[in-house]
Amino acid sequence: MANFAWSIAELLRGDFKQSEYGKVVLPFVVMRRLDAILEPTKDAVLSAAANLPADIDDETRRMILLSAVGSDIKVYNTSRFTFAKLKQQDAGQLHQNLIDYLQGFPADVQDVFLEKFLITDQLKRLNDAGLLWKVFERFTEIDLHPSKISNLEMGYLFEELIHRFSEISNETAGEHFTPREVIRLIVDLLVEPDKDKLSGLGVIRHVYDPACGAGGASIDRLKEYRSALITAAVTGQIDVTRWGQTGAGDKRLDQIQGEMAG
């Protein structure tokens, strides 16, 4: 799957520098994954949005729409479009229709696409170069639904793409990418000496890691480790939380990556 996504980057050759490939491919991967996750409940979300009172407050609106999505997914999209429906529209309208699609996400998710990925700039460049439809159409050919691409596979796909784009940008790939096997080993070595002390309820431990990045993979492993130490009846009480390592946009991006993993 990483090779397929990489082949999409080849469409950009000549109009984009190699160092810019990731600015196009990564946000499209995120959009396609979220689209696959949200498409089954799209009609329910649109129905819920249409029936919201005009004077409803933002938090209540968010709760109602997330309830329509279900499955504890913390993102929704109120645009009438999905990738499948966008493909049925006039190719000449794709640029504006994709903008409409992005505006259907909650404000914090829009911020990730607009501020972190600078997606509007990339869409304009693709459209001006006559590449937007070609790139979009290729992404419609891959099914990134969690039933097709597992949580682990999706994580590896995203990390592998970051790794490759870092290499062609002449950056040190290790600055952005650490294999999950290495992360698991580091966490295991950290936790193993205190295994007995972590086996009860009400245990609070602080871990200082000045180079943890978004911290998603290490948190997942800590949760796995903690679950193995206490009974199944109380696994829902596990709470592993980060503080201070990234800005709000980075944290929301990490949450979205978690939601991309289903």
# chains A, B, ... in the order shown; residues from 1 in each chain; ligands from 1

call {"tool": "residues_around", "arguments": {"residues": "Leu11 of chain A", "least_positions_apart": "2", "cutoff": "8 Å", "atoms": "only C-alpha atoms", "output": "VMD selection string"}}
result
chain A and resid 7 to 9 13 131 134 to 135

call {"tool": "write_last_selection", "arguments": {"atoms": "N, CA, C and O atoms", "output": "compact mmCIF listing (two decimals), in the first residue's frame"}}
result
# COMPACT_ATOMS: atom_id res chain seq x y z
N SER A 7 3.46 5.69 -5.68
CA SER A 7 3.28 5.82 -7.12
C SER A 7 2.46 7.07 -7.45
O SER A 7 2.61 7.65 -8.54
N ILE A 8 1.57 7.47 -6.55
CA ILE A 8 0.80 8.69 -6.75
C ILE A 8 1.72 9.90 -6.77
O ILE A 8 1.53 10.85 -7.53
N ALA A 9 2.75 9.84 -5.93
CA ALA A 9 3.71 10.94 -5.88
C ALA A 9 4.41 11.12 -7.23
O ALA A 9 4.81 12.24 -7.60
N ARG A 13 5.78 14.59 -10.51
CA ARG A 13 7.11 14.85 -11.05
C ARG A 13 7.05 15.94 -12.13
O ARG A 13 6.22 15.89 -13.03
N LEU A 131 -3.39 18.69 -12.43
CA LEU A 131 -3.11 17.40 -11.80
C LEU A 131 -4.13 17.00 -10.73
O LEU A 131 -4.11 15.86 -10.27
N LYS A 134 -6.30 13.93 -11.50
CA LYS A 134 -5.49 12.72 -11.60
C LYS A 134 -5.10 12.20 -10.23
O LYS A 134 -5.19 11.00 -9.95
N VAL A 135 -4.64 13.10 -9.35
CA VAL A 135 -4.24 12.68 -8.01
C VAL A 135 -5.45 12.20 -7.22
O VAL A 135 -5.42 11.14 -6.58

call {"tool": "residues_around", "arguments": {"residues": "Asn3 of chain A", "least_positions_apart": "3", "cutoff": "12 Å", "atoms": "only C-alpha atoms", "output": "JSON, numbers by chain"}}
result
{"A": [6, 7, 8, 9, 10, 142, 157, 158, 160, 161, 164]}

call {"tool": "write_last_selection", "arguments": {"atoms": "all heavy atoms", "output": "short mmCIF file (atom, residue, chain, number, x, y, z; two decimals), in the first residue's frame"}}
result
data_model
loop_
_atom_site.label_atom_id
_atom_site.label_comp_id
_atom_site.auth_asym_id
_atom_site.auth_seq_id
_atom_site.Cartn_x
_atom_site.Cartn_y
_atom_site.Cartn_z
N TRP A 6 3.06 5.82 -2.95
CA TRP A 6 4.28 6.41 -3.50
C TRP A 6 4.16 6.62 -5.00
O TRP A 6 4.66 7.59 -5.56
CB TRP A 6 5.48 5.51 -3.18
CG TRP A 6 6.79 6.08 -3.63
CD1 TRP A 6 7.54 5.68 -4.70
CD2 TRP A 6 7.49 7.17 -3.04
NE1 TRP A 6 8.67 6.44 -4.80
CE2 TRP A 6 8.68 7.37 -3.80
CE3 TRP A 6 7.25 7.99 -1.95
CZ2 TRP A 6 9.59 8.35 -3.50
CZ3 TRP A 6 8.18 8.98 -1.65
CH2 TRP A 6 9.33 9.15 -2.42
N SER A 7 3.46 5.69 -5.68
CA SER A 7 3.28 5.82 -7.12
C SER A 7 2.46 7.07 -7.45
O SER A 7 2.61 7.65 -8.54
CB SER A 7 2.59 4.58 -7.70
OG SER A 7 1.21 4.53 -7.34
N ILE A 8 1.57 7.47 -6.55
CA ILE A 8 0.80 8.69 -6.75
C ILE A 8 1.72 9.90 -6.77
O ILE A 8 1.53 10.85 -7.53
CB ILE A 8 -0.28 8.83 -5.66
CG1 ILE A 8 -1.27 7.66 -5.77
CG2 ILE A 8 -1.01 10.16 -5.77
CD1 ILE A 8 -2.29 7.61 -4.65
N ALA A 9 2.75 9.84 -5.93
CA ALA A 9 3.71 10.94 -5.88
C ALA A 9 4.41 11.12 -7.23
O ALA A 9 4.81 12.24 -7.60
CB ALA A 9 4.74 10.69 -4.79
N GLU A 10 4.53 10.02 -8.00
CA GLU A 10 5.19 10.11 -9.30
C GLU A 10 4.41 11.00 -10.27
O GLU A 10 4.97 11.54 -11.22
CB GLU A 10 5.37 8.71 -9.89
CG GLU A 10 6.35 7.83 -9.11
CD GLU A 10 7.75 8.44 -9.06
OE1 GLU A 10 8.30 8.75 -10.13
OE2 GLU A 10 8.28 8.62 -7.95
N ILE A 142 -7.97 3.40 -3.89
CA ILE A 142 -7.52 2.63 -2.73
C ILE A 142 -8.58 2.70 -1.63
O ILE A 142 -9.19 3.73 -1.40
CB ILE A 142 -6.16 3.14 -2.18
CG1 ILE A 142 -6.22 4.62 -1.81
CG2 ILE A 142 -5.06 2.89 -3.19
CD1 ILE A 142 -4.95 5.12 -1.15
N LEU A 157 1.80 2.51 7.24
CA LEU A 157 1.70 3.23 5.97
C LEU A 157 2.08 4.69 6.16
O LEU A 157 2.91 5.24 5.43
CB LEU A 157 0.28 3.12 5.41
CG LEU A 157 -0.05 4.05 4.23
CD1 LEU A 157 0.87 3.76 3.03
CD2 LEU A 157 -1.52 3.89 3.83
N PHE A 158 1.50 5.33 7.16
CA PHE A 158 1.75 6.74 7.39
C PHE A 158 3.22 6.98 7.76
O PHE A 158 3.87 7.90 7.26
CB PHE A 158 0.84 7.25 8.51
CG PHE A 158 0.58 8.73 8.45
CD1 PHE A 158 -0.31 9.27 7.53
CD2 PHE A 158 1.22 9.61 9.31
CE1 PHE A 158 -0.55 10.64 7.46
CE2 PHE A 158 1.00 10.97 9.25
CZ PHE A 158 0.10 11.49 8.32
N GLU A 160 5.79 5.03 7.05
CA GLU A 160 6.66 4.73 5.92
C GLU A 160 6.70 5.89 4.92
O GLU A 160 7.75 6.24 4.38
CB GLU A 160 6.19 3.46 5.22
CG GLU A 160 6.94 3.11 3.94
CD GLU A 160 8.41 2.77 4.16
OE1 GLU A 160 8.81 2.56 5.32
OE2 GLU A 160 9.16 2.74 3.16
N LEU A 161 5.54 6.51 4.69
CA LEU A 161 5.50 7.65 3.79
C LEU A 161 6.31 8.82 4.35
O LEU A 161 7.06 9.48 3.63
CB LEU A 161 4.06 8.07 3.52
CG LEU A 161 3.23 7.11 2.68
CD1 LEU A 161 1.78 7.56 2.62
CD2 LEU A 161 3.81 6.98 1.27
N ARG A 164 9.95 8.03 3.81
CA ARG A 164 10.41 8.20 2.43
C ARG A 164 10.51 9.67 2.05
O ARG A 164 11.47 10.09 1.41
CB ARG A 164 9.46 7.48 1.48
CG ARG A 164 9.48 5.96 1.59
CD ARG A 164 8.73 5.33 0.44
NE ARG A 164 8.64 3.90 0.57
CZ ARG A 164 8.20 3.08 -0.39
NH1 ARG A 164 7.83 3.59 -1.55
NH2 ARG A 164 8.13 1.78 -0.20
#

call {"tool": "closest_residue", "arguments": {"among": "A:Ile149, A:Val45, A:Ala54, A:Leu126", "to": "Gly14 of chain A", "atoms": "only C-alpha atoms"}}
result
A:Leu126

call {"tool": "select_by_dssp", "arguments": {"residues": "segment 47-190 of chain A", "states": "alpha helix (DSSP H)", "output": "PyMOL selection string"}}
result
chain A and resi 47-50+58-69+83-87+94-103+107-111+119-128+132-140+151-168+180-190

call {"tool": "atom_distance", "arguments": {"atom1": "atom CA of Ala48 of chain A", "atom2": "atom CA of Ala107 of chain A"}}
result
17.9 Å

call {"tool": "residues_around", "arguments": {"residues": "Leu52 of chain A", "least_positions_apart": "3", "cutoff": "10 Å", "atoms": "only C-alpha atoms", "output": "JSON, numbers by chain"}}
result
{"A": [47, 48, 49, 55, 56, 60, 61, 64, 65]}

call {"tool": "write_last_selection", "arguments": {"atoms": "C-alpha atoms", "output": "PDB file, in the first residue's frame"}}
result
ATOM      1  CA  SER A  47     -29.809  13.998   8.830  1.00  0.00           C
ATOM      2  CA  ALA A  48     -28.683  14.994  12.329  1.00  0.00           C
ATOM      3  CA  ALA A  49     -27.116  18.224  11.007  1.00  0.00           C
ATOM      4  CA  ASP A  55     -29.638  28.483  18.168  1.00  0.00           C
ATOM      5  CA  ILE A  56     -27.811  25.346  19.318  1.00  0.00           C
ATOM      6  CA  THR A  60     -24.080  20.427  21.956  1.00  0.00           C
ATOM      7  CA  ARG A  61     -23.908  20.463  18.154  1.00  0.00           C
ATOM      8  CA  ILE A  64     -25.043  15.320  18.545  1.00  0.00           C
ATOM      9  CA  LEU A  65     -23.026  14.944  15.367  1.00  0.00           C
TER      10      LEU A  65
END

call {"tool": "atom_distance", "arguments": {"atom1": "atom CA of Arg80 of chain A", "atom2": "atom CA of Asp43 of chain A"}}
result
8.8 Å

call {"tool": "closest_residue", "arguments": {"among": "A:Asp108, A:Asp57, A:Asp196, A:Asp35", "to": "Phe81 of chain A", "atoms": "only C-alpha atoms"}}
result
A:Asp35

call {"tool": "closest_residue", "arguments": {"among": "A:Asp15, A:Arg33, A:Phe4, A:Asp111", "to": "Ala129 of chain A", "atoms": "only C-alpha atoms"}}
result
A:Asp15

call {"tool": "atom_distance", "arguments": {"atom1": "atom CA of Phe139 of chain A", "atom2": "atom CA of Met31 of chain A"}}
result
9.5 Å
